[in-house]
>>> print(open('target26.cif').read())   # mmCIF, C-alpha atoms
data_work
#
loop_
_atom_site.label_atom_id
_atom_site.label_comp_id
_atom_site.auth_asym_id
_atom_site.auth_seq_id
_atom_site.Cartn_x
_atom_site.Cartn_y
_atom_site.Cartn_z
CA MET O 1 -2.75 7.55 -15.69
CA LYS O 2 -0.01 4.98 -15.94
CA VAL O 3 1.69 3.37 -12.94
CA HIS O 4 5.23 2.05 -13.32
CA LEU O 5 6.27 -0.49 -10.67
CA LEU O 6 9.94 -0.82 -9.78
CA PRO O 7 11.17 -3.54 -7.39
CA ALA O 8 13.69 -2.33 -4.80
CA LEU O 9 15.84 -3.83 -2.04
CA GLU O 10 14.72 -7.36 -1.15
CA ASP O 11 10.93 -7.10 -1.49
CA ASN O 12 9.99 -3.39 -1.65
CA TYR O 13 8.09 -1.69 -4.43
CA MET O 14 8.64 1.88 -5.65
CA TYR O 15 6.21 3.52 -8.04
CA ILE O 16 6.18 6.18 -10.72
CA ILE O 17 2.73 7.72 -11.23
CA GLU O 18 2.59 9.17 -14.73
CA ASP O 19 0.05 11.65 -16.03
CA GLU O 20 -0.06 10.64 -19.67
CA LYS O 21 -1.61 13.97 -20.72
CA THR O 22 1.12 16.25 -19.37
CA LYS O 23 4.04 13.83 -18.83
CA GLU O 24 4.28 15.07 -15.25
CA CYS O 25 4.95 12.41 -12.63
CA ALA O 26 5.30 11.68 -8.93
CA VAL O 27 7.29 8.88 -7.31
CA VAL O 28 6.27 6.83 -4.28
CA ASP O 29 8.82 5.70 -1.65
CA PRO O 30 11.93 5.99 -3.89
CA VAL O 31 14.34 4.03 -1.66
CA GLU O 32 16.65 3.40 -4.64
CA PRO O 33 16.77 6.95 -6.06
CA ALA O 34 19.22 6.43 -8.94
CA LYS O 35 17.14 3.53 -10.25
CA ILE O 36 13.89 5.46 -10.17
CA LEU O 37 15.37 8.66 -11.64
CA ASP O 38 16.86 6.68 -14.52
CA LYS O 39 13.40 5.32 -15.24
CA VAL O 40 11.80 8.78 -15.01
CA GLN O 41 14.36 10.09 -17.49
CA SER O 42 13.96 7.14 -19.88
CA LEU O 43 10.20 7.72 -19.94
CA GLY O 44 10.68 11.42 -20.72
CA LEU O 45 8.75 12.53 -17.64
CA THR O 46 8.94 15.63 -15.45
CA LEU O 47 9.19 14.79 -11.76
CA THR O 48 7.38 17.21 -9.43
CA LYS O 49 6.53 15.26 -6.26
CA VAL O 50 7.83 12.56 -3.95
CA LEU O 51 5.01 10.81 -2.07
CA THR O 52 6.40 9.17 1.07
CA THR O 53 4.06 6.81 2.88
CA HIS O 54 6.01 6.71 6.17
CA HIS O 55 9.39 7.32 7.75
CA HIS O 56 10.82 3.79 7.92
CA TRP O 57 14.22 3.57 6.25
CA ASP O 58 13.13 1.23 3.46
CA HIS O 59 10.58 3.81 2.30
CA ALA O 60 12.05 7.24 3.13
CA ASP O 61 15.84 6.97 3.29
CA GLY O 62 16.25 7.43 -0.46
CA ASN O 63 14.67 10.89 -0.35
CA PRO O 64 17.79 12.99 0.41
CA GLU O 65 19.80 11.31 -2.34
CA LEU O 66 16.92 11.67 -4.80
CA VAL O 67 16.69 15.40 -4.05
CA ARG O 68 20.45 15.72 -4.51
CA LEU O 69 20.60 13.73 -7.74
CA PHE O 70 17.53 15.43 -9.21
CA GLY O 71 19.05 18.86 -8.63
CA GLN O 72 15.78 20.74 -9.14
CA PRO O 73 13.00 21.80 -6.77
CA VAL O 74 10.71 18.90 -5.88
CA GLU O 75 8.01 18.60 -3.25
CA VAL O 76 8.63 15.80 -0.75
CA PHE O 77 5.40 14.78 0.97
CA GLY O 78 5.20 13.01 4.30
CA GLY O 79 2.96 12.67 7.32
CA ASP O 80 5.51 13.79 9.92
CA ASP O 81 8.99 15.28 10.24
CA ARG O 82 10.62 11.87 10.67
CA VAL O 83 10.36 11.48 6.87
CA LYS O 84 13.79 12.33 5.51
CA ALA O 85 14.02 15.44 3.28
CA VAL O 86 10.30 16.18 3.80
CA ASN O 87 9.35 19.73 2.84
CA LYS O 88 5.58 19.34 2.78
CA ILE O 89 3.87 17.82 5.81
CA VAL O 90 0.44 16.56 4.71
CA LYS O 91 -2.67 15.58 6.64
CA HIS O 92 -5.91 13.72 6.03
CA GLY O 93 -7.97 15.28 3.26
CA ASP O 94 -5.18 17.33 1.68
CA ASN O 95 -5.54 17.58 -2.10
CA PHE O 96 -2.80 17.85 -4.72
CA THR O 97 -2.28 17.32 -8.43
CA ILE O 98 0.11 15.44 -10.69
CA GLY O 99 -0.49 17.20 -13.98
CA SER O 100 -4.16 16.54 -14.69
CA LEU O 101 -4.37 13.77 -12.07
CA LYS O 102 -6.03 14.41 -8.73
CA GLY O 103 -4.45 13.28 -5.47
CA LEU O 104 -5.91 12.92 -1.99
CA CYS O 105 -3.95 12.25 1.22
CA LEU O 106 -5.44 9.66 3.58
CA PHE O 107 -4.11 9.63 7.15
CA THR O 108 -3.76 5.99 8.23
CA PRO O 109 -1.79 5.88 11.49
CA CYS O 110 -0.93 2.56 13.17
CA HIS O 111 2.10 1.01 11.49
CA THR O 112 3.56 4.45 12.20
CA THR O 113 1.78 7.46 13.70
CA GLY O 114 2.45 9.51 10.56
CA HIS O 115 1.49 6.98 7.87
CA ILE O 116 -0.17 8.44 4.76
CA CYS O 117 -1.85 6.61 1.89
CA TYR O 118 -2.24 8.44 -1.43
CA LEU O 119 -5.37 8.12 -3.57
CA ILE O 120 -4.87 9.12 -7.21
CA THR O 121 -7.69 9.54 -9.72
CA GLU O 122 -7.98 10.83 -13.25
CA ASP O 123 -9.65 14.19 -13.82
CA ASP O 124 -13.06 12.51 -14.24
CA ASP O 125 -12.61 10.52 -10.99
CA GLN O 126 -12.12 7.33 -12.98
CA ASN O 127 -9.44 4.67 -12.62
CA PRO O 128 -8.77 5.18 -8.88
CA SER O 129 -5.50 3.87 -7.48
CA VAL O 130 -4.36 3.97 -3.86
CA PHE O 131 -0.76 3.67 -2.70
CA THR O 132 -0.92 2.09 0.72
CA GLY O 133 2.70 1.69 1.85
CA ASP O 134 2.74 -0.61 4.88
CA THR O 135 -0.89 -0.09 5.96
CA LEU O 136 -2.72 -2.40 3.54
CA PHE O 137 -0.87 -5.21 1.78
CA THR O 138 -2.19 -7.66 -0.74
CA ALA O 139 -3.98 -10.16 1.56
CA GLY O 140 -2.52 -8.59 4.70
CA CYS O 141 -1.77 -5.45 6.70
CA GLY O 142 1.20 -3.84 8.41
CA ARG O 143 2.29 -4.52 11.96
CA PHE O 144 0.91 -2.20 14.62
CA PHE O 145 4.28 -0.72 15.59
CA GLU O 146 2.90 2.64 16.71
CA GLY O 147 -0.81 1.99 16.99
CA THR O 148 -3.62 -0.30 18.04
CA ALA O 149 -6.24 -2.58 16.52
CA ASP O 150 -8.94 0.09 16.58
CA MET O 151 -6.67 2.38 14.55
CA MET O 152 -6.04 -0.28 11.91
CA TYR O 153 -9.75 -1.11 11.83
CA LYS O 154 -10.49 2.54 11.05
CA ASN O 155 -7.76 2.58 8.38
CA LEU O 156 -8.84 -0.58 6.59
CA ILE O 157 -12.62 -0.54 7.01
CA GLU O 158 -13.64 3.08 7.52
CA ILE O 159 -11.09 4.87 5.31
CA LEU O 160 -9.63 2.59 2.62
CA GLY O 161 -12.66 0.31 2.73
CA GLN O 162 -14.95 3.17 1.74
CA LEU O 163 -13.19 3.72 -1.59
CA PRO O 164 -14.76 2.23 -4.74
CA ARG O 165 -14.35 -1.53 -4.83
CA HIS O 166 -12.55 -1.39 -8.19
CA THR O 167 -9.80 0.83 -6.73
CA LYS O 168 -6.37 -0.61 -7.49
CA VAL O 169 -4.19 -1.18 -4.43
CA TYR O 170 -0.44 -0.61 -4.79
CA CYS O 171 1.28 -1.68 -1.56
CA GLY O 172 4.85 -1.31 -0.34
CA HIS O 173 6.08 -4.92 -0.34
CA GLU O 174 5.79 -8.27 -2.11
CA TYR O 175 4.36 -10.21 0.84
CA THR O 176 1.41 -11.81 -0.95
CA ILE O 177 2.17 -15.53 -0.74
CA GLN O 178 3.23 -15.22 2.90
CA ASN O 179 0.00 -13.33 3.64
CA LEU O 180 -2.18 -15.79 1.75
CA LYS O 181 -0.72 -18.71 3.72
CA TYR O 182 -2.15 -17.07 6.83
CA ALA O 183 -5.45 -16.31 5.04
CA VAL O 184 -5.77 -20.02 4.16
CA HIS O 185 -5.11 -20.86 7.82
CA VAL O 186 -7.90 -18.51 8.95
CA GLU O 187 -10.42 -19.46 6.24
CA PRO O 188 -9.48 -22.84 4.75
CA HIS O 189 -12.80 -23.08 2.91
CA ASN O 190 -12.71 -19.62 1.32
CA ALA O 191 -12.63 -20.28 -2.43
CA HIS O 192 -11.39 -16.75 -3.17
CA VAL O 193 -8.35 -17.31 -0.97
CA GLN O 194 -7.58 -20.66 -2.58
CA LYS O 195 -7.90 -19.29 -6.10
CA ARG O 196 -5.79 -16.27 -5.24
CA MET O 197 -3.05 -18.42 -3.75
CA GLU O 198 -2.82 -20.48 -6.93
CA TRP O 199 -2.59 -17.30 -9.00
CA ALA O 200 0.01 -15.70 -6.72
CA GLN O 201 2.22 -18.78 -6.79
CA GLN O 202 2.10 -18.78 -10.61
CA GLN O 203 3.00 -15.09 -10.69
CA ARG O 204 5.95 -15.42 -8.33
CA ALA O 205 7.24 -18.56 -10.06
CA GLN O 206 7.71 -16.32 -13.10
CA ASN O 207 9.10 -13.48 -10.93
CA VAL O 208 6.06 -11.35 -11.78
CA PRO O 209 4.61 -9.00 -9.13
CA THR O 210 1.28 -9.79 -7.48
CA VAL O 211 0.61 -6.04 -7.24
CA PRO O 212 -1.77 -4.33 -7.79
CA SER O 213 -4.82 -5.94 -6.30
CA THR O 214 -8.25 -4.33 -5.99
CA LEU O 215 -10.25 -3.46 -2.91
CA GLN O 216 -12.85 -5.99 -4.03
CA GLU O 217 -10.20 -8.74 -3.96
CA GLU O 218 -9.08 -7.59 -0.52
CA PHE O 219 -12.62 -7.79 0.87
CA GLU O 220 -12.88 -11.31 -0.56
CA SER O 221 -9.58 -12.77 0.63
CA ASN O 222 -7.74 -10.54 3.11
CA PRO O 223 -8.59 -11.63 6.68
CA PHE O 224 -7.83 -8.16 8.05
CA MET O 225 -10.45 -6.69 5.69
CA ARG O 226 -12.88 -9.46 6.68
CA VAL O 227 -13.06 -8.90 10.46
CA GLN O 228 -16.81 -8.27 10.13
CA GLU O 229 -17.37 -11.67 8.50
CA SER O 230 -18.80 -14.44 10.69
CA ASP O 231 -16.27 -17.08 9.60
CA VAL O 232 -13.33 -14.87 10.53
CA GLN O 233 -14.93 -13.81 13.82
CA LYS O 234 -15.63 -17.44 14.65
CA TYR O 235 -11.97 -18.28 14.03
CA ALA O 236 -10.89 -15.43 16.33
CA GLY O 237 -13.45 -16.38 18.98
CA THR O 238 -15.12 -12.97 19.10
CA ASN O 239 -17.94 -11.09 17.41
CA ASP O 240 -16.21 -7.76 18.00
CA PRO O 241 -14.43 -6.76 14.76
CA ILE O 242 -11.77 -4.71 16.57
CA ALA O 243 -10.98 -7.57 18.95
CA CYS O 244 -10.90 -9.80 15.89
CA MET O 245 -8.39 -7.45 14.25
CA LYS O 246 -6.17 -7.60 17.34
CA PHE O 247 -6.36 -11.39 17.54
CA LEU O 248 -5.41 -11.81 13.88
CA ARG O 249 -2.50 -9.38 14.03
CA ASP O 250 -1.13 -10.87 17.25
CA GLU O 251 -1.30 -14.36 15.78
CA LYS O 252 0.10 -13.34 12.41
CA ASN O 253 3.12 -11.76 14.12
CA THR O 254 4.37 -15.24 15.06
CA PHE O 255 2.62 -17.34 12.39
CA LYS O 256 4.71 -20.03 10.71
CA ALA O 257 3.13 -21.55 7.61
#
>>> encode(input="target26.cif", output="C-alpha cells")
Amino acid sequence: MKVHLLPALEDNYMYIIEDEKTKECAVVDPVEPAKILDKVQSLGLTLTKVLTTHHHWDHADGNPELVRLFGQPVEVFGGDDRVKAVNKIVKHGDNFTIGSLKGLCLFTPCHTTGHICYLITEDDDQNPSVFTGDTLFTAGCGRFFEGTADMMYKNLIEILGQLPRHTKVYCGHEYTIQNLKYAVHVEPHNAHVQKRMEWAQQQRAQNVPTVPSTLQEEFESNPFMRVQESDVQKYAGTNDPIACMKFLRDEKNTFKA
C-alpha cells in the first residue's frame, strides 16, 4: 500500500490510496477533482472508489465533478445522503477492497451524524492506515457540530483507540501546530507534546505536512485522546472522561494561543 497526499484548498488534505500489487486505487475527499485525477493518471492507476468521510463542502463537493471528469463507473462511498454524488451508503463494519487491500468502514458520528472513517490494511493485516476526516486530527479532534462529548469519546477511545497503536492516522486538515498550542496549554509539562511541537514547527517551516501521525503519538500528545489521564482530568476539573472531553472541546472552540 502506498498513500499519496495532496494538499487542497487552504489547509485540506486529499489522499490517493494505491494498491501496489494491482495498481487499483481509491481517493479520499477529492475536493479538487481535476488535481487528484491528474495525479491518478500520472501514477498509472485505475480508480474504482471515492471514500467520502462526511458531507461538508470542503470534503464532498468535488464528488460530482470528479464523477463527470472521470467518465467511468466509480463507487462513491458516504455515511448519509447529504454526501454529494454518493451511490453507496456505508455503515459501521462494512467491508470493501481496493485491489488486494482490505477496507473497513468505521461509523464515527459527532462532527456530523454521518461521519465515516476508513481503515485500510494490506492483505496480511499489516501496515494499517486510517483516514479520519474531521473526527480525529493530529493532536486534536473535530468540533461537535452534530453530536455530543459522549459520541466523540466513543469515536476516539472505543473505536479508533482500539486499533493497533502503530496505525497511521491520515486526517482531513493541516491543523497540527494550532492543535499542539492547545495541548501545551493543557499539559505544559508533557515532554511528548513539547517534542512534537518542535518537530511540527520544523515541518511547517519547510512547507512539509505533519500527516500522518500514529495512534501511539495521539495517545501521547493529543488531549482529546488523553481524557482518561489524571493530568488532563485535573486540568478539566473532573475525573469523568466524558465530562473532560466536553470541557476540552468547549474551551478549544474559543482558545487563542
>>> resolve_selection(input="target26.cif", expression="the PyMOL selection byres ((chain O and resi 249) around 9)", output="NGL selection string")
:O and (141-144 or 149 or 224 or 244-248 or 250-253)
>>> resolve_selection(input="target26.cif", expression="the PyMOL selection byres ((chain O and resi 22) around 9)", output="JSON list (two decimals) with C-alpha atoms, keeping the file's coordinate frame")
[["chain", "number", "residue", "atom", "x", "y", "z"],
["O", 18, "GLU", "CA", 2.59, 9.17, -14.73],
["O", 19, "ASP", "CA", 0.05, 11.65, -16.03],
["O", 20, "GLU", "CA", -0.06, 10.64, -19.67],
["O", 21, "LYS", "CA", -1.61, 13.97, -20.72],
["O", 23, "LYS", "CA", 4.04, 13.83, -18.83],
["O", 24, "GLU", "CA", 4.28, 15.07, -15.25],
["O", 25, "CYS", "CA", 4.95, 12.41, -12.63],
["O", 45, "LEU", "CA", 8.75, 12.53, -17.64],
["O", 46, "THR", "CA", 8.94, 15.63, -15.45],
["O", 98, "ILE", "CA", 0.11, 15.44, -10.69],
["O", 99, "GLY", "CA", -0.49, 17.20, -13.98],
["O", 100, "SER", "CA", -4.16, 16.54, -14.69]]
>>> closest_atom_pairs(input="target26.cif", of="stretch 141-182 of chain O", to="stretch 204-217 of chain O", cutoff="10 Å", atoms="all atoms listed in the file", output="Markdown table")
| residue | atom | partner | partner_atom | distance |
| --- | --- | --- | --- | --- |
| O:Leu160 | CA | O:Leu215 | CA | 8.2 |
| O:Gly161 | CA | O:Leu215 | CA | 7.2 |
| O:Gln162 | CA | O:Leu215 | CA | 9.4 |
| O:Leu163 | CA | O:Leu215 | CA | 7.9 |
| O:Pro164 | CA | O:Leu215 | CA | 7.5 |
| O:Arg165 | CA | O:Gln216 | CA | 4.8 |
| O:His166 | CA | O:Thr214 | CA | 5.7 |
| O:Thr167 | CA | O:Thr214 | CA | 5.4 |
| O:Lys168 | CA | O:Thr214 | CA | 4.4 |
| O:Val169 | CA | O:Ser213 | CA | 5.2 |
| O:Tyr170 | CA | O:Pro212 | CA | 5.0 |
| O:Cys171 | CA | O:Val211 | CA | 7.2 |
| O:Gly172 | CA | O:Val211 | CA | 9.4 |
| O:His173 | CA | O:Val211 | CA | 8.9 |
| O:Glu174 | CA | O:Pro209 | CA | 7.2 |
| O:Tyr175 | CA | O:Thr210 | CA | 8.9 |
| O:Thr176 | CA | O:Thr210 | CA | 6.8 |
| O:Ile177 | CA | O:Arg204 | CA | 8.5 |
>>> residues_around(input="target26.cif", residues="O:Ala139", least_positions_apart="6", cutoff="10 Å", atoms="all atoms listed in the file", output="PDB file with C-alpha atoms, keeping the file's coordinate frame")
ATOM      1  CA  TYR O 175       4.360 -10.210   0.840  1.00  0.00           C
ATOM      2  CA  THR O 176       1.410 -11.810  -0.950  1.00  0.00           C
ATOM      3  CA  ILE O 177       2.170 -15.530  -0.740  1.00  0.00           C
ATOM      4  CA  GLN O 178       3.230 -15.220   2.900  1.00  0.00           C
ATOM      5  CA  ASN O 179       0.000 -13.330   3.640  1.00  0.00           C
ATOM      6  CA  LEU O 180      -2.180 -15.790   1.750  1.00  0.00           C
ATOM      7  CA  LYS O 181      -0.720 -18.710   3.720  1.00  0.00           C
ATOM      8  CA  TYR O 182      -2.150 -17.070   6.830  1.00  0.00           C
ATOM      9  CA  ALA O 183      -5.450 -16.310   5.040  1.00  0.00           C
ATOM     10  CA  VAL O 193      -8.350 -17.310  -0.970  1.00  0.00           C
ATOM     11  CA  ARG O 196      -5.790 -16.270  -5.240  1.00  0.00           C
ATOM     12  CA  MET O 197      -3.050 -18.420  -3.750  1.00  0.00           C
ATOM     13  CA  SER O 213      -4.820  -5.940  -6.300  1.00  0.00           C
ATOM     14  CA  GLU O 217     -10.200  -8.740  -3.960  1.00  0.00           C
ATOM     15  CA  GLU O 218      -9.080  -7.590  -0.520  1.00  0.00           C
ATOM     16  CA  PHE O 219     -12.620  -7.790   0.870  1.00  0.00           C
ATOM     17  CA  GLU O 220     -12.880 -11.310  -0.560  1.00  0.00           C
ATOM     18  CA  SER O 221      -9.580 -12.770   0.630  1.00  0.00           C
ATOM     19  CA  ASN O 222      -7.740 -10.540   3.110  1.00  0.00           C
ATOM     20  CA  PRO O 223      -8.590 -11.630   6.680  1.00  0.00           C
ATOM     21  CA  PHE O 224      -7.830  -8.160   8.050  1.00  0.00           C
ATOM     22  CA  MET O 225     -10.450  -6.690   5.690  1.00  0.00           C
TER      23      MET O 225
END
>>> residues_around(input="target26.cif", residues="O:Ala26", least_positions_apart="4", cutoff="7 Å", atoms="all atoms listed in the file", output="NGL selection string")
:O and (16-18 or 47-51 or 98)
>>> write_last_selection(input="target26.cif", atoms="C-alpha atoms", output="PDB file, keeping the file's coordinate frame")
ATOM      1  CA  ILE O  16       6.180   6.180 -10.720  1.00  0.00           C
ATOM      2  CA  ILE O  17       2.730   7.720 -11.230  1.00  0.00           C
ATOM      3  CA  GLU O  18       2.590   9.170 -14.730  1.00  0.00           C
ATOM      4  CA  LEU O  47       9.190  14.790 -11.760  1.00  0.00           C
ATOM      5  CA  THR O  48       7.380  17.210  -9.430  1.00  0.00           C
ATOM      6  CA  LYS O  49       6.530  15.260  -6.260  1.00  0.00           C
ATOM      7  CA  VAL O  50       7.830  12.560  -3.950  1.00  0.00           C
ATOM      8  CA  LEU O  51       5.010  10.810  -2.070  1.00  0.00           C
ATOM      9  CA  ILE O  98       0.110  15.440 -10.690  1.00  0.00           C
TER      10      ILE O  98
END
>>> closest_residue(input="target26.cif", among="O:Pro241, O:Asn155, O:Lys195, O:His54", to="O:Arg226", atoms="only C-alpha atoms")
O:Pro241
>>> residues_around(input="target26.cif", residues="O:Asp81", least_positions_apart="3", cutoff="12 Å", atoms="all atoms listed in the file", output="JSON, numbers by chain")
{"O": [52, 54, 55, 56, 60, 76, 77, 78, 84, 85, 86, 87, 88, 89, 90, 113, 114, 115]}
>>> atom_distance(input="target26.cif", atom1="atom CA of O:Pro7", atom2="atom CA of O:Tyr118")
18.9 Å
>>> atom_distance(input="target26.cif", atom1="atom CA of O:Asp124", atom2="atom CA of O:Phe96")
15.0 Å
>>> atom_distance(input="target26.cif", atom1="atom CA of O:Met1", atom2="atom CA of O:Met14")
16.2 Å
>>> residues_around(input="target26.cif", residues="stretch 61-70 of chain O", least_positions_apart="3", cutoff="6 Å", atoms="all atoms listed in the file", output="JSON, numbers by chain")
{"O": [30, 31, 32, 33, 57, 85]}
>>> closest_residue(input="target26.cif", among="O:Gln228, O:Gln41, O:Gln201, O:Gln72", to="O:Leu156", atoms="all atoms listed in the file")
O:Gln228
>>> closest_residue(input="target26.cif", among="O:Asp94, O:Asp134, O:Asp240, O:Asp29", to="O:His111", atoms="only C-alpha atoms")
O:Asp134
>>> resolve_selection(input="target26.cif", expression="the PyMOL selection byres ((chain O and resi 116) around 6)", output="compact mmCIF listing (two decimals) with C-alpha atoms, in the frame of the given file")
# COMPACT_ATOMS: atom_id res chain seq x y z
CA THR O 53 4.06 6.81 2.88
CA GLY O 79 2.96 12.67 7.32
CA LEU O 106 -5.44 9.66 3.58
CA PHE O 107 -4.11 9.63 7.15
CA THR O 108 -3.76 5.99 8.23
CA HIS O 115 1.49 6.98 7.87
CA CYS O 117 -1.85 6.61 1.89
